Structure formats: C-alpha cells, structure tokens
$ cat model_14.txt   # compact mmCIF, C-alpha atoms
# COMPACT_ATOMS: atom_id res chain seq x y z
CA MET A 565 110.00 273.52 14.63
CA SER A 566 113.50 275.00 14.83
CA GLY A 567 113.65 273.97 18.50
CA HIS A 568 117.20 275.11 19.28
CA GLU A 569 116.06 278.69 19.75
CA ARG A 570 112.99 277.73 21.77
CA CYS A 571 114.31 274.98 24.00
CA GLY A 572 117.94 275.92 24.43
CA ARG A 573 120.79 273.56 25.30
CA SER A 574 123.38 273.14 28.01
CA THR A 575 126.46 270.98 28.42
CA SER A 576 125.54 270.30 32.04
CA THR A 577 123.82 267.07 33.02
CA ASP A 578 120.71 266.81 35.12
CA ALA A 579 120.69 264.20 37.88
CA SER A 580 117.33 265.16 39.32
CA SER A 581 115.51 262.35 37.51
CA THR A 582 116.83 258.99 38.63
CA CYS A 583 113.91 256.75 37.66
CA SER A 584 114.82 253.97 35.27
CA SER A 585 112.67 253.03 32.30
CA ALA A 586 113.79 249.44 32.87
CA SER A 587 110.72 249.01 35.08
CA PHE A 588 108.40 249.98 32.22
CA PRO A 589 107.29 247.53 29.51
CA LEU A 590 108.24 249.84 26.66
CA VAL A 591 108.13 249.82 22.89
CA ASP A 592 111.44 251.54 22.32
CA SER A 593 112.65 254.38 20.11
CA LEU A 594 116.28 254.68 19.09
CA GLY A 595 118.50 256.68 21.38
CA THR A 596 121.92 258.22 21.14
CA SER A 597 125.30 257.77 22.75
CA CYS A 598 125.89 260.96 24.73
CA SER A 599 129.21 261.90 26.26
CA HIS A 600 128.08 261.45 29.86
CA VAL A 601 126.27 258.15 29.24
CA PRO A 602 128.12 254.87 29.98
CA SER A 603 129.95 253.54 26.94
CA THR A 604 127.81 250.40 26.78
CA THR A 605 125.53 252.23 24.34
CA SER A 606 126.06 251.02 20.79
CA THR A 607 127.04 253.71 18.30
CA ALA A 608 124.60 252.13 15.82
CA LEU A 609 121.71 253.35 17.96
CA GLY A 610 122.66 256.99 17.79
CA GLU A 611 124.08 256.59 14.28
CA GLY A 612 126.44 259.49 14.92
CA PRO A 613 129.16 260.87 17.20
CA PRO A 614 128.48 261.43 20.92
CA PHE A 615 127.29 264.82 22.17
CA ASP A 616 126.05 266.20 25.46
CA CYS A 617 122.46 265.26 26.18
CA LEU A 618 119.64 267.53 27.21
CA SER A 619 118.63 267.98 30.84
CA LYS A 620 115.25 266.89 32.17
CA ALA A 621 114.11 270.52 32.36
CA GLN A 622 115.13 271.16 28.75
CA VAL A 623 113.26 268.12 27.48
CA GLU A 624 110.16 269.08 29.50
CA LYS A 625 110.28 272.51 27.82
CA CYS A 626 110.67 270.91 24.42
CA VAL A 627 107.70 268.64 25.07
CA ASP A 628 105.57 271.68 25.88
CA ASP A 629 106.72 273.35 22.64
CA VAL A 630 106.06 270.26 20.53
CA LEU A 631 102.59 269.70 21.99
CA ARG A 632 101.73 273.33 21.27
CA GLU A 633 103.27 273.74 17.82
CA ASN A 634 103.69 270.41 16.03
CA THR A 635 100.76 269.79 13.69
CA SER A 636 101.46 266.05 13.44
CA VAL A 637 101.30 265.71 17.21
CA ARG A 638 98.06 267.65 17.39
CA GLN A 639 96.57 265.47 14.65
CA LEU A 640 97.64 262.26 16.42
CA ILE A 641 96.19 263.43 19.74
CA ARG A 642 92.95 264.48 18.07
CA ALA A 643 92.67 261.09 16.34
CA MET A 644 93.29 259.29 19.64
CA GLN A 645 90.64 261.36 21.38
CA GLN A 646 88.16 260.59 18.61
CA ALA A 647 88.95 256.89 19.08
CA GLY A 648 88.23 257.14 22.80
CA CYS A 649 91.78 257.56 24.12
CA PRO A 650 92.13 261.02 25.72
CA VAL A 651 95.67 262.38 25.94
CA GLY A 652 96.73 265.09 28.39
CA ARG A 653 100.08 266.60 29.33
CA ASP A 654 100.58 263.92 31.97
CA TYR A 655 100.62 261.31 29.18
CA PHE A 656 104.25 262.37 28.53
CA THR A 657 106.91 261.56 31.13
CA VAL A 658 110.57 262.60 31.07
CA ILE A 659 113.01 260.42 33.00
CA SER A 660 116.61 259.24 33.03
CA CYS A 661 116.81 255.81 31.41
CA ASP A 662 119.19 252.90 31.80
CA THR A 663 118.10 251.44 28.47
CA LYS A 664 119.81 252.15 25.14
CA THR A 665 116.82 254.06 23.84
CA GLY A 666 115.64 257.64 23.45
CA GLY A 667 112.14 256.89 24.58
CA GLY A 668 109.34 254.38 24.60
CA PHE A 669 105.63 253.76 24.77
CA SER A 670 103.88 251.88 27.55
CA LEU A 671 100.18 251.05 27.76
CA GLN A 672 100.35 251.80 31.49
CA HIS A 673 102.52 254.92 31.41
CA GLY A 674 102.03 256.52 27.98
CA VAL A 675 104.96 258.14 26.18
CA ILE A 676 108.32 258.03 27.97
CA LEU A 677 111.19 260.34 26.93
CA CYS A 678 114.74 259.60 28.10
CA HIS A 679 116.47 262.95 28.55
CA ASN A 680 119.88 261.30 29.00
CA ARG A 681 119.58 259.81 25.49
CA LEU A 682 118.35 262.92 23.66
CA GLU A 683 120.83 265.43 22.27
CA THR A 684 118.74 268.09 20.54
CA PRO A 685 115.20 269.52 20.47
CA SER A 686 114.82 267.78 17.11
CA ASP A 687 115.56 264.45 18.82
CA VAL A 688 112.81 265.20 21.35
CA GLU A 689 110.34 266.11 18.62
CA HIS A 690 110.95 263.04 16.46
CA THR A 691 111.00 260.69 19.44
CA LEU A 692 107.73 262.11 20.76
CA VAL A 693 106.00 261.74 17.39
CA HIS A 694 107.46 258.22 16.96
CA GLU A 695 106.11 257.05 20.31
CA LEU A 696 102.78 258.80 19.80
CA VAL A 697 102.32 256.84 16.56
CA HIS A 698 102.71 253.68 18.67
CA ALA A 699 100.17 255.05 21.14
CA TYR A 700 97.72 255.81 18.33
CA ASP A 701 98.13 252.30 16.90
CA ALA A 702 97.52 250.74 20.32
CA CYS A 703 94.41 252.90 20.68
CA ARG A 704 92.86 252.10 17.29
CA MET A 705 93.88 248.41 17.41
CA PRO A 706 93.43 247.13 20.98
CA SER A 707 94.47 243.63 19.86
CA LEU A 708 97.88 244.87 18.68
CA ASN A 709 100.54 242.67 20.27
CA PHE A 710 103.91 244.40 20.48
CA ALA A 711 105.46 241.16 21.77
CA ASP A 712 104.87 239.58 18.36
CA CYS A 713 107.86 240.28 16.12
CA ARG A 714 105.95 240.98 12.92
CA GLN A 715 103.32 243.13 14.57
CA HIS A 716 106.07 245.04 16.34
CA ALA A 717 108.01 245.40 13.07
CA CYS A 718 104.89 246.82 11.39
CA ALA A 719 104.46 249.32 14.21
CA GLU A 720 108.11 250.37 13.88
CA VAL A 721 107.80 250.81 10.12
CA ARG A 722 104.82 253.09 10.66
CA ALA A 723 106.53 255.07 13.41
CA ALA A 724 109.76 255.57 11.44
CA ASN A 725 107.75 256.41 8.31
CA LEU A 726 105.50 259.00 9.94
CA SER A 727 107.67 260.63 12.61
CA GLY A 728 109.87 262.81 10.41
CA GLU A 729 113.02 260.98 11.51
CA CYS A 730 113.89 259.99 7.93
CA THR A 731 114.21 263.35 6.21
CA PHE A 732 117.19 264.22 4.00
CA PHE A 733 118.66 266.38 6.76
CA GLN A 734 118.32 263.65 9.40
CA GLU A 735 119.99 261.09 7.17
CA PHE A 736 122.73 263.54 6.22
CA SER A 737 123.46 264.22 9.88
CA ARG A 738 123.76 260.46 10.49
CA GLY A 739 126.22 260.05 7.61
CA HIS A 740 123.89 258.01 5.41
CA VAL A 741 123.76 260.46 2.50
CA ALA A 742 126.46 262.48 0.76
CA ILE A 743 125.72 265.91 -0.73
CA THR A 744 128.30 265.32 -3.47
CA GLN A 745 126.89 261.89 -4.37
CA PRO A 746 123.33 262.29 -5.71
CA THR A 747 123.11 258.54 -6.21
CA THR A 748 122.79 258.21 -2.43
CA TRP A 749 119.60 260.34 -2.50
CA SER A 750 117.43 257.87 -4.39
CA GLY A 751 115.13 255.85 -2.16
CA LEU A 752 116.58 257.57 0.89
CA HIS A 753 113.33 257.67 2.85
CA GLU A 754 112.55 253.98 2.39
CA ARG A 755 116.09 252.87 3.22
CA CYS A 756 116.00 254.93 6.39
CA VAL A 757 112.59 253.60 7.46
CA ARG A 758 113.64 250.00 6.87
CA ARG A 759 116.93 250.42 8.72
CA ARG A 760 115.54 252.24 11.74
CA ALA A 761 112.49 249.98 12.02
CA ALA A 762 114.80 246.95 12.08
CA LEU A 763 117.04 248.56 14.71
CA SER A 764 114.04 249.16 16.95
CA ALA A 765 112.48 245.74 16.35
CA ALA A 766 115.79 244.09 17.20
CA PHE A 767 115.13 245.01 20.85
CA ASN A 768 112.24 242.52 20.79
CA PRO A 769 113.45 239.06 21.94
CA ALA A 770 110.79 237.47 19.73
CA CYS A 771 112.65 238.74 16.65
CA GLY A 772 115.75 236.78 17.55
CA GLY A 773 118.22 239.57 16.96
CA PRO A 774 119.07 241.98 14.13
CA ARG A 775 118.74 239.47 11.30
CA GLY A 776 115.28 238.34 12.40
CA ALA A 777 114.21 241.95 12.84
CA ARG A 778 115.34 242.83 9.31
CA GLU A 779 113.49 239.83 7.90
CA ALA A 780 110.32 240.82 9.76
CA VAL A 781 110.57 244.40 8.47
CA ASP A 782 111.09 243.16 4.90
CA GLU A 783 108.03 240.94 5.22
CA VAL A 784 105.65 243.65 6.41
CA TYR A 785 107.16 246.77 4.86
CA GLU A 786 104.95 247.37 1.82
CA ARG A 787 101.70 246.88 3.71
CA CYS A 788 102.71 248.86 6.79
CA ALA A 789 104.41 251.73 4.98
CA ALA A 790 101.23 252.20 2.94
CA ASP A 791 99.24 252.67 6.16
CA ARG A 792 99.74 256.37 6.95
CA ALA A 793 96.76 256.87 9.26
CA PRO A 794 95.91 259.40 10.52
CA PHE A 795 98.04 261.33 7.98
CA GLY A 796 98.37 261.53 4.22
CA CYS A 797 101.81 262.33 2.88
CA VAL A 798 104.59 263.09 5.37
CA THR A 799 107.87 265.03 5.23
CA GLY A 800 110.66 263.18 3.45
CA MET A 801 108.47 261.10 1.12
CA SER A 802 108.79 261.33 -2.64
CA GLN A 803 105.65 261.84 -4.74
CA GLN A 804 105.75 258.15 -5.67
CA GLU A 805 105.94 257.15 -2.01
CA CYS A 806 103.03 259.48 -1.20
CA GLU A 807 100.91 257.84 -3.86
CA GLY A 808 101.70 254.39 -2.46
CA PRO A 809 102.23 251.07 -4.25
CA GLN A 810 100.86 250.95 -7.80
CA GLU A 811 98.47 248.19 -8.84
CA ARG A 812 99.85 245.75 -11.36
$ encode --input "model_14.txt" --output "structure tokens"
Amino acid sequence: MSGHERCGRSTSTDASSTCSSASFPLVDSLGTSCSHVPSTTSTALGEGPPFDCLSKAQVEKCVDDVLRENTSVRQLIRAMQQAGCPVGRDYFTVISCDTKTGGGFSLQHGVILCHNRLETPSDVEHTLVHELVHAYDACRMPSLNFADCRQHACAEVRAANLSGECTFFQEFSRGHVAITQPTTWSGLHERCVRRRAALSAAFNPACGGPRGAREAVDEVYERCAADRAPFGCVTGMSQQECEGPQER
C-alpha cells in the first residue's frame, strides 16, 4: 500500500509506550537509526540516514491498514488459522524498544513492532510481514528452534525473501543499487535477502557474530529461499528466482 497517505507522519515523538522489548524472547527484524533514538544504534541496521520515527499511534494505525489491505498478510493469517494457530488483532503489539531492531516475534507475545525504530508506513508493513512469516513458520513447524543458528538463518532467509523488503525501490533507498549502473541490478533480490538475513541472524549468540551468521545463511540459502510457503512468487523476484533452482 502507499501508506504515507493513509497513516500519516509526524516529527514528534511518542513517549506513551515505555515497555521494553528486552523482556521478550524475540526473533528480531532489522530496525533503523532514528534521530531521537540513542546513537548506540548501528547505521548498518537501518542501512540509511537517520529520520524521525513514527509514534505509537501512527504505527497502530498502520497495523490496522496493513491487516485490512495487505494480501500477503491476509494469506499468512489464513494459513496460520488453517494450521490451528488463530491470529487476532491482539496478536500485534506496538511498543517502544530498547533493542536495535524494528520488531520481533515471540511465541508468548506474537508480533512486536517497535515504533521508535520505524520511520515510514512501508517500514511497518515490511516488518509486520517479516515477523508474521516467522510466526507462520513456528506454527507449521512446532519443532523449529530459533536458538539454533542454522534454523534461525533459514527462518531469516524466508522472512527477508517473502516480506517485500528486498524490492528494487527498497534497495535503492538503502543505497545498494544505482539507477545509472544497470550492472548493480543483476541478482539484486538474492543479494539483499542474503545480506539482511545475515544481519538478523547475527543477533543470535549461537551464530558467533556476523561472520558465523553469513556462513549459516550461505549454507541454508538455496533450500530456504526455495521454500515460499504459503506463497508462490513474491514482489522483487526475477522469473528465474520464481521458478526456483533448476535440476542438473
């Protein structure tokens, strides 16, 4: 959706939500470095310059819009319900977070959105879909262990691949593609998915840092990127990527 018109933005901060996500065992989604957030946030997480973040009320409004209008979200929720995991509006919680992330998923608390790490309605939408992919995976695979580096890396590959966060526009806005350099367009979606999955997996102590996270992503990428349940092709994929790996 073109969220800016629907959700609106403000340069004011919202201090009404003071809960910290630090108390939640979360699978994290990448956040941003906003101008009113302490400078301890790494610029690599936001992959762009700092801006003012959305207020709690703005993110709540965006969540309502996304749940109503985003077809991917509706498909994920329907698939979860069919698998025996009902999802209602209270499955989505908006708080102020102390972590360097835009959101997370918790088996106990559902999808968490960090309004003080989200800059635009598009950030809200992609973060919500990303975390809902994690929720769907946890629902269909109860034995999924997010504490295991490779299982976590696989989950992050799927979430980055299916959330819409790796479109041409998203990568252009992060400075990873140049309009005047078509050579940077080739393989853009895969490069983005690999990079962002590794950034997320690096939060997992079991991965041993960024290098271990990248190695885990490289190990599981082909298998996990090919798993697009409950979707088929998604925005940003080339025809070849939609068709999946070819048999040799």
$ closest_residue --input "model_14.txt" --among "A:Ala770, A:Leu763, A:Leu677, A:Ala643" --to "Asn709 in chain A" --atoms "only C-alpha atoms"
A:Ala770
$ closest_residue --input "model_14.txt" --among "A:Leu640, A:Ala711, A:Cys649, A:Cys730" --to "Leu692 in chain A" --atoms "only C-alpha atoms"
A:Leu640
$ closest_residue --input "model_14.txt" --among "A:Cys617, A:Val637, A:Ala765, A:Val651" --to "Arg714 in chain A" --atoms "all atoms listed in the file"
A:Ala765
$ residues_around --input "model_14.txt" --residues "His694 in chain A" --least-positions-apart "3" --cutoff "10 Å" --atoms "all atoms listed in the file" --output "list of chain:residue names"
A:Asp592, A:Ser593, A:Leu594, A:Val637, A:Gly667, A:Gly668, A:Phe669, A:Val675, A:Val688, A:Glu689, A:His690, A:Thr691, A:Val697, A:His698, A:Ala699, A:Ala719, A:Glu720, A:Arg722, A:Ala723, A:Ala724, A:Asn725, A:Leu726, A:Ser727, A:Gly728, A:Glu729
$ closest_residue --input "model_14.txt" --among "A:Arg642, A:His673, A:His679, A:His753" --to "Gln622 in chain A" --atoms "only C-alpha atoms"
A:His679
$ atom_distance --input "model_14.txt" --atom1 "CA of Gly666 in chain A" --atom2 "CA of Leu682 in chain A"
5.9 Å
$ atom_distance --input "model_14.txt" --atom1 "CA of Ala780 in chain A" --atom2 "CA of Gln639 in chain A"
28.6 Å
$ atom_distance --input "model_14.txt" --atom1 "CA of Gly773 in chain A" --atom2 "CA of Phe733 in chain A"
28.7 Å
$ closest_residue --input "model_14.txt" --among "A:Ala789, A:Ala777, A:Cys756, A:Cys771" --to "Phe732 in chain A" --atoms "all atoms listed in the file"
A:Cys756
$ closest_residue --input "model_14.txt" --among "A:Leu708, A:Cys713, A:Ala793, A:Leu671" --to "Glu695 in chain A" --atoms "all atoms listed in the file"
A:Leu671
$ residues_around --input "model_14.txt" --residues "Val627 in chain A" --least-positions-apart "2" --cutoff "10 Å" --atoms "all atoms listed in the file" --output "NGL selection string"
:A and (571 or 621-625 or 629-633 or 653 or 656-658 or 677 or 685 or 688-689 or 692)
$ decode --input "model_14.txt" --residues "range 665-684 of chain A" --atoms "N, CA, C and O atoms" --output "mmCIF file, in the first residue's frame"
data_model
loop_
_atom_site.group_PDB
_atom_site.id
_atom_site.type_symbol
_atom_site.label_atom_id
_atom_site.label_comp_id
_atom_site.auth_asym_id
_atom_site.auth_seq_id
_atom_site.Cartn_x
_atom_site.Cartn_y
_atom_site.Cartn_z
ATOM 1 N N THR A 665 16.318 -3.083 16.957
ATOM 2 C CA THR A 665 15.503 -3.782 15.977
ATOM 3 C C THR A 665 14.175 -3.068 15.742
ATOM 4 O O THR A 665 13.691 -2.334 16.594
ATOM 5 N N GLY A 666 13.591 -3.310 14.576
ATOM 6 C CA GLY A 666 12.312 -2.708 14.239
ATOM 7 C C GLY A 666 11.123 -3.507 14.722
ATOM 8 O O GLY A 666 10.003 -3.016 14.741
ATOM 9 N N GLY A 667 11.382 -4.730 15.128
ATOM 10 C CA GLY A 667 10.295 -5.567 15.597
ATOM 11 C C GLY A 667 10.803 -6.947 15.905
ATOM 12 O O GLY A 667 12.000 -7.238 15.793
ATOM 13 N N GLY A 668 9.905 -7.827 16.299
ATOM 14 C CA GLY A 668 10.304 -9.188 16.609
ATOM 15 C C GLY A 668 9.100 -10.098 16.712
ATOM 16 O O GLY A 668 7.949 -9.649 16.671
ATOM 17 N N PHE A 669 9.390 -11.376 16.817
ATOM 18 C CA PHE A 669 8.347 -12.376 17.023
ATOM 19 C C PHE A 669 8.649 -13.156 18.288
ATOM 20 O O PHE A 669 9.787 -13.557 18.527
ATOM 21 N N SER A 670 7.632 -13.363 19.100
ATOM 22 C CA SER A 670 7.749 -14.128 20.332
ATOM 23 C C SER A 670 6.628 -15.148 20.384
ATOM 24 O O SER A 670 5.473 -14.829 20.093
ATOM 25 N N LEU A 671 6.963 -16.381 20.746
ATOM 26 C CA LEU A 671 5.934 -17.412 20.864
ATOM 27 C C LEU A 671 4.889 -17.022 21.904
ATOM 28 O O LEU A 671 3.713 -17.348 21.779
ATOM 29 N N GLN A 672 5.321 -16.307 22.944
ATOM 30 C CA GLN A 672 4.412 -15.912 24.014
ATOM 31 C C GLN A 672 3.616 -14.657 23.687
ATOM 32 O O GLN A 672 2.473 -14.503 24.124
ATOM 33 N N HIS A 673 4.197 -13.739 22.914
ATOM 34 C CA HIS A 673 3.575 -12.436 22.720
ATOM 35 C C HIS A 673 3.172 -12.124 21.280
ATOM 36 O O HIS A 673 2.572 -11.085 21.021
ATOM 37 N N GLY A 674 3.501 -13.001 20.329
ATOM 38 C CA GLY A 674 3.142 -12.740 18.940
ATOM 39 C C GLY A 674 4.098 -11.777 18.271
ATOM 40 O O GLY A 674 5.299 -11.777 18.543
ATOM 41 N N VAL A 675 3.563 -10.926 17.398
ATOM 42 C CA VAL A 675 4.370 -9.982 16.639
ATOM 43 C C VAL A 675 4.506 -8.677 17.416
ATOM 44 O O VAL A 675 3.505 -8.087 17.843
ATOM 45 N N ILE A 676 5.749 -8.246 17.598
ATOM 46 C CA ILE A 676 6.054 -6.998 18.306
ATOM 47 C C ILE A 676 6.580 -5.988 17.292
ATOM 48 O O ILE A 676 7.469 -6.308 16.489
ATOM 49 N N LEU A 677 6.058 -4.778 17.304
ATOM 50 C CA LEU A 677 6.533 -3.698 16.435
ATOM 51 C C LEU A 677 7.084 -2.573 17.301
ATOM 52 O O LEU A 677 6.415 -2.122 18.239
ATOM 53 N N CYS A 678 8.287 -2.130 16.985
ATOM 54 C CA CYS A 678 8.972 -1.097 17.776
ATOM 55 C C CYS A 678 8.801 0.258 17.108
ATOM 56 O O CYS A 678 9.520 0.581 16.151
ATOM 57 N N HIS A 679 7.859 1.059 17.587
ATOM 58 C CA HIS A 679 7.551 2.309 16.883
ATOM 59 C C HIS A 679 8.729 3.276 16.878
ATOM 60 O O HIS A 679 8.866 4.094 15.968
ATOM 61 N N ASN A 680 9.609 3.188 17.871
ATOM 62 C CA ASN A 680 10.758 4.096 17.912
ATOM 63 C C ASN A 680 11.912 3.618 17.040
ATOM 64 O O ASN A 680 12.999 4.201 17.067
ATOM 65 N N ARG A 681 11.677 2.574 16.233
ATOM 66 C CA ARG A 681 12.666 2.113 15.256
ATOM 67 C C ARG A 681 12.077 2.081 13.843
ATOM 68 O O ARG A 681 12.725 1.584 12.919
ATOM 69 N N LEU A 682 10.873 2.568 13.677
ATOM 70 C CA LEU A 682 10.206 2.520 12.378
ATOM 71 C C LEU A 682 9.978 3.943 11.871
ATOM 72 O O LEU A 682 9.399 4.765 12.574
ATOM 73 N N GLU A 683 10.433 4.196 10.644
ATOM 74 C CA GLU A 683 10.402 5.551 10.103
ATOM 75 C C GLU A 683 9.193 5.842 9.227
ATOM 76 O O GLU A 683 8.727 6.979 9.175
ATOM 77 N N THR A 684 8.721 4.841 8.495
ATOM 78 C CA THR A 684 7.677 5.063 7.497
ATOM 79 C C THR A 684 6.626 3.957 7.567
ATOM 80 O O THR A 684 6.877 2.867 8.100
#
